[in-house]
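Structure below is entry-v4.csv: CSV, C-alpha atoms.
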```
chain,number,residue,atom,x,y,z
T,1,MET,CA,-27.2,-10.6,13.0
T,2,ILE,CA,-28.2,-12.3,9.8
T,3,SER,CA,-29.3,-10.3,6.7
T,4,ALA,CA,-30.3,-11.0,3.1
T,5,GLY,CA,-28.9,-9.8,-0.2
T,6,ASN,CA,-29.7,-10.8,-3.7
T,7,ASP,CA,-29.6,-9.4,-7.2
T,8,ILE,CA,-30.7,-10.4,-10.7
T,9,VAL,CA,-29.3,-9.0,-14.0
T,10,SER,CA,-31.2,-9.6,-17.2
T,11,LEU,CA,-28.4,-10.3,-19.7
T,12,THR,CA,-30.7,-9.7,-22.6
T,13,ALA,CA,-31.2,-6.1,-21.4
T,14,THR,CA,-27.5,-5.4,-21.2
T,15,ASN,CA,-25.4,-3.9,-23.9
T,16,VAL,CA,-22.5,-6.3,-24.7
T,17,THR,CA,-20.5,-3.7,-26.6
T,18,ARG,CA,-20.7,-1.2,-23.8
T,19,THR,CA,-20.0,-3.8,-21.1
T,20,LYS,CA,-16.7,-4.6,-22.9
T,21,SER,CA,-15.7,-0.9,-23.1
T,22,PRO,CA,-13.0,0.2,-20.6
T,23,GLU,CA,-15.1,3.3,-19.8
T,24,PHE,CA,-17.8,1.1,-18.5
T,25,TYR,CA,-16.1,-1.8,-16.8
T,26,SER,CA,-13.6,0.5,-15.1
T,27,LYS,CA,-16.4,2.0,-13.1
T,28,ILE,CA,-17.2,-1.5,-11.8
T,29,LEU,CA,-14.0,-3.5,-11.6
T,30,SER,CA,-11.0,-2.9,-9.4
T,31,HIS,CA,-7.5,-3.4,-10.7
T,32,ALA,CA,-7.3,-6.7,-8.8
T,33,GLU,CA,-10.6,-7.9,-10.4
T,34,LYS,CA,-9.3,-7.1,-13.9
T,35,ALA,CA,-6.3,-9.3,-13.0
T,36,LEU,CA,-8.7,-12.0,-11.6
T,37,PHE,CA,-10.3,-12.3,-15.0
T,38,GLU,CA,-7.0,-13.5,-16.4
T,39,THR,CA,-7.2,-16.5,-14.1
T,40,VAL,CA,-10.7,-17.7,-15.0
T,41,ASP,CA,-11.7,-20.2,-17.7
T,42,LYS,CA,-12.8,-17.7,-20.4
T,43,GLU,CA,-14.9,-20.3,-22.3
T,44,ALA,CA,-17.0,-20.9,-19.3
T,45,LEU,CA,-17.0,-17.2,-18.2
T,46,PRO,CA,-16.4,-14.8,-21.1
T,47,PHE,CA,-15.8,-11.1,-20.2
T,48,ASN,CA,-19.3,-9.9,-20.6
T,49,ARG,CA,-20.7,-12.4,-18.1
T,50,PHE,CA,-17.7,-11.9,-15.8
T,51,VAL,CA,-18.5,-8.2,-15.5
T,52,TRP,CA,-22.2,-8.9,-14.7
T,53,LEU,CA,-21.4,-11.7,-12.3
T,54,LEU,CA,-19.2,-9.3,-10.4
T,55,TRP,CA,-21.8,-6.5,-10.6
T,56,SER,CA,-24.4,-8.9,-9.3
T,57,VAL,CA,-22.3,-10.1,-6.4
T,58,LYS,CA,-21.3,-6.5,-5.4
T,59,GLU,CA,-25.0,-5.3,-5.5
T,60,SER,CA,-26.1,-8.3,-3.4
T,61,ALA,CA,-23.3,-7.7,-0.9
T,62,TYR,CA,-24.3,-4.0,-0.7
T,63,LYS,CA,-27.9,-5.0,0.0
T,64,TYR,CA,-26.9,-7.4,2.7
T,65,LEU,CA,-24.7,-4.9,4.4
T,66,HIS,CA,-26.9,-1.8,3.8
T,67,ARG,CA,-29.7,-3.5,5.8
T,68,LEU,CA,-27.3,-3.7,8.8
T,69,ASP,CA,-25.8,-0.2,8.2
T,70,PRO,CA,-27.9,2.2,6.2
T,71,CYS,CA,-25.0,4.6,6.0
T,72,ILE,CA,-23.2,2.4,3.5
T,73,VAL,CA,-23.0,3.8,0.0
T,74,PHE,CA,-22.8,1.5,-3.1
T,75,THR,CA,-19.5,2.2,-4.8
T,76,PRO,CA,-19.0,-0.9,-7.0
T,77,VAL,CA,-15.1,-0.8,-7.0
T,78,LYS,CA,-15.0,-0.8,-3.2
T,79,PHE,CA,-16.8,-4.2,-3.0
T,80,GLU,CA,-14.0,-6.4,-4.2
T,81,ILE,CA,-14.5,-10.0,-5.4
T,82,GLN,CA,-11.6,-12.1,-4.1
T,83,SER,CA,-12.4,-15.5,-5.7
T,84,ILE,CA,-14.6,-17.1,-8.3
T,85,GLU,CA,-15.2,-20.9,-8.5
T,86,ILE,CA,-16.8,-22.1,-11.7
T,87,PRO,CA,-19.0,-25.2,-11.4
T,88,PRO,CA,-17.5,-28.4,-12.8
T,89,ARG,CA,-18.2,-29.1,-16.4
T,90,TYR,CA,-20.1,-25.8,-16.6
T,91,SER,CA,-21.5,-24.7,-20.0
T,92,CYS,CA,-23.9,-21.7,-20.1
T,93,SER,CA,-27.3,-22.7,-21.4
T,94,PRO,CA,-30.8,-21.3,-21.7
T,95,CYS,CA,-32.7,-21.4,-18.4
T,96,GLY,CA,-35.3,-23.7,-19.8
T,97,ALA,CA,-37.8,-22.8,-17.2
T,98,ASP,CA,-39.9,-19.8,-16.3
T,99,GLU,CA,-39.4,-20.3,-12.6
T,100,LEU,CA,-36.6,-21.7,-10.3
T,101,THR,CA,-36.8,-22.0,-6.6
T,102,GLY,CA,-34.7,-23.7,-4.0
T,103,ILE,CA,-33.5,-24.0,-0.4
T,104,GLY,CA,-29.7,-23.8,-0.5
T,105,PHE,CA,-27.8,-24.6,-3.7
T,106,ALA,CA,-26.8,-28.3,-3.3
T,107,ASP,CA,-29.0,-29.3,-6.2
T,108,TYR,CA,-28.0,-26.6,-8.6
T,109,PRO,CA,-24.7,-25.9,-10.5
T,110,VAL,CA,-23.7,-22.5,-9.1
T,111,PHE,CA,-20.7,-20.2,-9.3
T,112,GLN,CA,-19.2,-19.6,-5.9
T,113,ALA,CA,-17.5,-16.3,-5.0
T,114,THR,CA,-16.3,-14.3,-2.1
T,115,VAL,CA,-16.5,-10.5,-1.7
T,116,ILE,CA,-15.0,-8.1,0.7
T,117,PHE,CA,-16.2,-4.7,1.8
T,118,ALA,CA,-14.5,-2.6,4.5
T,119,GLY,CA,-13.0,-5.8,6.0
T,120,LYS,CA,-16.3,-7.7,6.0
T,121,LYS,CA,-16.3,-11.0,3.9
T,122,LEU,CA,-19.4,-12.4,2.4
T,123,PHE,CA,-20.0,-15.6,0.4
T,124,ALA,CA,-22.0,-15.7,-2.8
T,125,ARG,CA,-23.8,-18.3,-5.0
T,126,VAL,CA,-24.5,-17.3,-8.5
T,127,ILE,CA,-26.7,-18.9,-11.2
T,128,ILE,CA,-25.9,-17.9,-14.8
T,129,HIS,CA,-28.0,-18.8,-17.8
T,130,HIS,CA,-28.2,-17.2,-21.2
T,131,GLU,CA,-30.9,-14.9,-20.0
T,132,PHE,CA,-29.7,-13.8,-16.5
T,133,VAL,CA,-27.1,-13.7,-13.7
T,134,SER,CA,-28.7,-14.2,-10.3
T,135,THR,CA,-26.9,-13.9,-7.0
T,136,VAL,CA,-27.5,-14.6,-3.3
T,137,VAL,CA,-25.0,-13.7,-0.6
T,138,ASN,CA,-24.6,-14.9,3.0
T,139,HIS,CA,-22.3,-14.1,5.9
T,140,ASN,CA,-20.9,-17.6,5.9
T,141,ASP,CA,-20.5,-20.4,3.4
T,142,ASP,CA,-23.5,-22.4,4.6
T,143,PHE,CA,-26.6,-21.7,2.4
T,144,ARG,CA,-28.8,-24.6,3.8
T,145,ASN,CA,-31.2,-22.1,5.4
T,146,VAL,CA,-31.3,-19.7,2.4
T,147,TYR,CA,-34.5,-19.8,0.3
T,148,TRP,CA,-34.4,-18.3,-3.1
T,149,GLY,CA,-36.5,-17.9,-6.2
T,150,ILE,CA,-36.1,-16.6,-9.8
T,151,LYS,CA,-39.1,-16.0,-12.1
T,152,ARG,CA,-39.7,-14.7,-15.6
T,153,ILE,CA,-42.6,-12.2,-15.8
T,154,GLU,CA,-44.6,-11.1,-18.8
T,155,ASP,CA,-44.6,-7.3,-18.1
T,156,ALA,CA,-41.3,-5.5,-17.4
T,157,ASN,CA,-43.1,-2.3,-16.3
T,158,TYR,CA,-41.8,-1.2,-12.9
T,159,LYS,CA,-45.1,-1.4,-11.1
T,160,TYR,CA,-45.7,-4.9,-12.3
T,161,GLN,CA,-42.2,-6.0,-11.4
T,162,SER,CA,-42.6,-4.7,-7.9
T,163,VAL,CA,-46.0,-6.5,-7.4
T,164,ALA,CA,-44.8,-9.7,-9.1
T,165,VAL,CA,-41.7,-10.1,-7.0
T,166,ARG,CA,-43.7,-9.7,-3.8
T,167,GLU,CA,-46.3,-12.2,-4.9
T,168,PHE,CA,-43.6,-14.6,-5.9
T,169,ALA,CA,-41.8,-14.4,-2.5
T,170,LEU,CA,-45.1,-14.5,-0.5
T,171,GLY,CA,-46.2,-17.5,-2.4
T,172,THR,CA,-43.1,-19.3,-1.4
T,173,LEU,CA,-43.4,-18.2,2.2
T,174,ARG,CA,-47.0,-19.5,2.4
T,175,GLY,CA,-45.6,-23.0,1.9
T,176,ILE,CA,-43.5,-22.7,5.1
T,177,PRO,CA,-45.3,-23.5,8.4
T,178,GLY,CA,-45.7,-20.3,10.5
T,179,PHE,CA,-45.0,-18.1,7.5
T,180,ASP,CA,-48.6,-17.7,6.3
T,181,ASN,CA,-50.3,-14.3,6.1
T,182,MET,CA,-47.0,-12.4,5.7
T,183,ALA,CA,-46.8,-9.0,4.1
T,184,ILE,CA,-43.8,-7.2,2.6
T,185,GLY,CA,-43.1,-3.5,3.4
T,186,LYS,CA,-40.1,-1.2,2.9
T,187,ASN,CA,-38.5,0.9,5.6
T,188,LYS,CA,-37.3,4.5,5.3
T,189,ASP,CA,-34.0,3.3,3.9
T,190,ASP,CA,-35.8,1.4,1.1
T,191,VAL,CA,-34.9,-1.9,2.7
T,192,PRO,CA,-37.7,-4.6,2.4
T,193,PHE,CA,-39.0,-6.4,5.4
T,194,LEU,CA,-41.5,-9.1,6.3
T,195,SER,CA,-44.4,-8.4,8.6
T,196,LYS,CA,-47.2,-10.4,10.1
T,197,ASP,CA,-50.2,-8.9,11.8
T,198,ASP,CA,-48.6,-5.4,11.4
T,199,ARG,CA,-45.5,-6.5,13.3
T,200,GLN,CA,-42.1,-6.7,11.6
T,201,HIS,CA,-40.8,-10.2,11.4
T,202,GLU,CA,-37.2,-11.1,12.2
T,203,THR,CA,-36.6,-13.0,8.9
T,204,PRO,CA,-34.7,-10.7,6.5
T,205,ILE,CA,-35.8,-10.7,2.9
T,206,SER,CA,-34.2,-9.3,-0.3
T,207,LEU,CA,-36.0,-8.5,-3.6
T,208,SER,CA,-34.6,-7.8,-7.0
T,209,HIS,CA,-35.9,-7.3,-10.5
T,210,HIS,CA,-34.5,-6.3,-13.9
T,211,GLU,CA,-36.6,-6.2,-17.0
T,212,GLN,CA,-38.5,-9.5,-17.4
T,213,TRP,CA,-36.9,-11.3,-14.4
T,214,VAL,CA,-37.6,-11.1,-10.7
T,215,ALA,CA,-35.8,-12.8,-7.8
T,216,PHE,CA,-35.9,-13.0,-4.0
T,217,SER,CA,-33.9,-14.5,-1.2
T,218,PHE,CA,-34.6,-14.9,2.5
T,219,GLN,CA,-32.9,-16.8,5.3
T,220,ARG,CA,-34.5,-18.7,8.2
T,221,SER,CA,-32.5,-18.6,11.4
T,222,GLY,CA,-31.3,-21.8,13.0
E,1,MET,CA,-23.2,26.4,-18.4
E,2,THR,CA,-26.0,27.5,-16.1
E,3,ARG,CA,-27.5,25.0,-13.6
E,4,GLN,CA,-30.7,25.1,-15.7
E,5,GLU,CA,-28.8,24.3,-18.9
E,6,ILE,CA,-27.1,21.4,-17.2
E,7,LEU,CA,-30.5,20.2,-16.0
E,8,ASP,CA,-31.9,20.4,-19.5
E,9,GLU,CA,-29.1,18.2,-20.8
E,10,LEU,CA,-29.3,15.8,-17.8
E,11,LYS,CA,-32.9,15.1,-18.6
E,12,LYS,CA,-31.8,13.9,-22.1
E,13,VAL,CA,-29.1,11.7,-20.5
E,14,ILE,CA,-31.5,10.1,-18.0
E,15,ALA,CA,-34.4,9.7,-20.5
E,16,PRO,CA,-33.4,6.3,-22.1
E,17,TYR,CA,-33.1,4.7,-18.6
E,18,THR,CA,-36.4,5.6,-17.0
E,19,THR,CA,-39.9,4.5,-18.0
E,20,ASN,CA,-41.4,7.2,-15.8
E,21,LYS,CA,-41.4,9.9,-18.5
E,22,GLU,CA,-44.1,11.9,-16.8
E,23,LEU,CA,-42.0,12.4,-13.7
E,24,LEU,CA,-38.9,13.0,-15.8
E,25,ALA,CA,-40.7,16.0,-17.4
E,26,GLY,CA,-41.4,17.5,-14.0
E,27,ILE,CA,-38.3,16.5,-12.0
E,28,THR,CA,-37.0,18.7,-9.2
E,29,GLU,CA,-33.6,18.8,-7.4
E,30,GLU,CA,-35.0,16.4,-4.8
E,31,THR,CA,-36.0,13.7,-7.4
E,32,ASP,CA,-34.2,10.5,-6.5
E,33,LEU,CA,-32.9,8.5,-9.5
E,34,ILE,CA,-33.7,5.1,-8.1
E,35,LYS,CA,-36.6,5.6,-5.8
E,36,ASP,CA,-38.5,8.1,-7.9
E,37,LEU,CA,-37.4,7.6,-11.5
E,38,LYS,CA,-37.2,3.9,-11.0
E,39,ILE,CA,-33.9,3.7,-12.7
E,40,ASN,CA,-32.3,0.3,-12.3
E,41,SER,CA,-29.0,0.4,-10.4
E,42,ALA,CA,-27.2,-1.3,-13.3
E,43,ASN,CA,-28.1,1.7,-15.4
E,44,LEU,CA,-26.5,4.2,-13.1
E,45,VAL,CA,-23.1,3.4,-14.6
E,46,ASP,CA,-24.6,4.1,-18.0
E,47,ILE,CA,-25.8,7.5,-16.8
E,48,ILE,CA,-22.4,8.4,-15.4
E,49,ILE,CA,-20.7,7.4,-18.6
E,50,ASP,CA,-23.2,9.3,-20.8
E,51,ALA,CA,-22.9,12.3,-18.6
E,52,GLU,CA,-19.1,12.2,-18.9
E,53,ALA,CA,-19.4,12.2,-22.7
E,54,LYS,CA,-22.1,14.8,-22.8
E,55,TYR,CA,-20.3,17.4,-20.6
E,56,ASP,CA,-16.7,16.3,-21.5
E,57,ILE,CA,-15.8,15.6,-17.9
E,58,GLU,CA,-14.5,12.7,-15.8
E,59,ILE,CA,-16.6,11.6,-12.8
E,60,ASP,CA,-14.5,9.8,-10.2
E,61,TYR,CA,-15.8,7.1,-7.8
E,62,ASP,CA,-16.2,9.5,-4.8
E,63,SER,CA,-18.2,12.0,-6.9
E,64,ALA,CA,-20.3,9.2,-8.5
E,65,ASP,CA,-21.3,8.2,-4.9
E,66,LYS,CA,-22.9,11.5,-4.4
E,67,MET,CA,-25.1,11.3,-7.5
E,68,ILE,CA,-28.2,10.1,-5.8
E,69,ASN,CA,-30.8,12.7,-6.7
E,70,VAL,CA,-31.1,15.3,-9.4
E,71,GLY,CA,-29.7,18.1,-7.2
E,72,THR,CA,-26.5,16.2,-6.3
E,73,CYS,CA,-26.1,15.2,-10.0
E,74,LEU,CA,-26.1,18.9,-10.9
E,75,ASP,CA,-23.7,19.7,-8.1
E,76,VAL,CA,-21.2,17.1,-9.3
E,77,ILE,CA,-21.5,17.9,-13.0
E,78,GLY,CA,-21.4,21.6,-12.4
E,79,GLY,CA,-18.3,21.2,-10.2
E,80,LYS,CA,-16.5,19.1,-12.8
E,81,ILE,CA,-17.3,21.5,-15.6
E,82,ASN,CA,-15.8,24.4,-13.5
E,83,GLU,CA,-12.7,22.3,-12.8
E,84,ARG,CA,-12.3,21.7,-16.5
E,85,GLY,CA,-12.5,25.4,-17.1
```

For this file, write the structure as structure tokens.
Amino acid sequence: MISAGNDIVSLTATNVTRTKSPEFYSKILSHAEKALFETVDKEALPFNRFVWLLWSVKESAYKYLHRLDPCIVFTPVKFEIQSIEIPPRYSCSPCGADELTGIGFADYPVFQATVIFAGKKLFARVIIHHEFVSTVVNHNDDFRNVYWGIKRIEDANYKYQSVAVREFALGTLRGIPGFDNMAIGKNKDDVPFLSKDDRQHETPISLSHHEQWVAFSFQRSG
Amino acid sequence: MTRQEILDELKKVIAPYTTNKELLAGITEETDLIKDLKINSANLVDIIIDAEAKYDIEIDYDSADKMINVGTCLDVIGGKINERG
């Protein structure tokens, strides 16, 4: 069964000094992941962004698996990143746009990562700009049916974030034949779902927001 | 520390990470940190670290897993304070 899992971290809302403190990152990184950092190109991926990349992949993987098994608890160190691949000639830059959308990631320079939780392996694509780290995960390495979007919003108030991310996702869905008149709800486990004419739709959707950024991902079957 | 004293200090720990100040003032043991107080999950680690410093305790992964609502936070923090002696 397919699921959906995404996450966005607003880097401008994070505390760099705290991120670099062992008290903080030891709550997120396993021993193996600390060792993994020693193998990456630190110019392309300095420690601050490394920590938030890992956080974002772990959170996305948790969302993907939590939809399938609501009993799963998010313990960051138990979601272990096994590999990170930095895009060729990567240099972190400002986003340069208020909105990014895509189907798959063939047209975008993305970090690729794999993550394991309780024997389950997931694949991740991560976009990093100066302002944010945004992740989408999938059960296999084929993202061609995965729709995603990232958008800057003006008001970081929680209620506005929640409305804005839904409008953003529904706007994208309206452009897909057969996906008009959709609505987004949340089930008792706080997992978002699509519905049409008051009936839950099979397409899983994931929503995320942090400060002035919102993001979504969903996957069409087939 | 009594449970009420722990709660009073916990409110101060949580305050920087929630914009829902009204609900924070009236929190109960059932108040959920993410669903009710709208705390971003990325800030839960901040809250755990701030709580460790505030109460001079260490909160392990398994205990942190249980800190979902105010009541379970008080259970974990109170237990760690007692362990510390």

Check your understanding: Between T:Gly5, T:Pro70, T:Pro76, T:Gly119, which has the minimum distance to chain E (counting all atoms listed in the file)?
Key -> T:Pro76

Practice item. When you get a sec, could you note down which chain T residues fall within 12 Å of chain E, using only C-alpha atoms, as a ChimeraX atom specification? Key: /T:7-11,13-15,18-19,21-30,51-56,58-60,62-63,72-78,156-159,161-162,186,188-191,208-211

Review point. Quick one: of E:Val13, E:Gly79, E:Gly71, E:Arg84, who's nearest to Ile27 of chain E, counting all atoms listed in the file?
Key: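 Counting all atoms listed in the file, the residue closest to Ile27 of chain E is E:Gly71.
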
Exercise for review: Give me the residues within 9 Å of Arg152 of chain T as a PyMOL selection string, counting only C-alpha atoms and dropping any in the same chain fewer than 4 places off.
Suggested key: chain T and resi 97-99+212-215

Review point. Can you list, as a list in words, every protein, DNA or RNA residue that comes within 9 Å of segment 1-6 of chain E when you count all atoms listed in the file, leaving out same-chain residues fewer than 5 positions away?
Key: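 Everything that qualifies: Lys11, Tyr55, Leu74, Asp75, Ile77, Gly78 and Ile81 of chain E.
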
Review point. If you measure from atom CA of Ile2 of chain T to atom CA of Ala106 of chain T, what distance in Å do you get, rounded to one decimal?
Key: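 Atom CA of Ile2 of chain T sits 20.7 Å away from atom CA of Ala106 of chain T.
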
Check your understanding: Taking all atoms listed in the file into account, which of E:Ala51, E:Asp36, E:Asn69, E:Leu10 comes nearest Leu23 of chain E?
Key -> E:Asp36
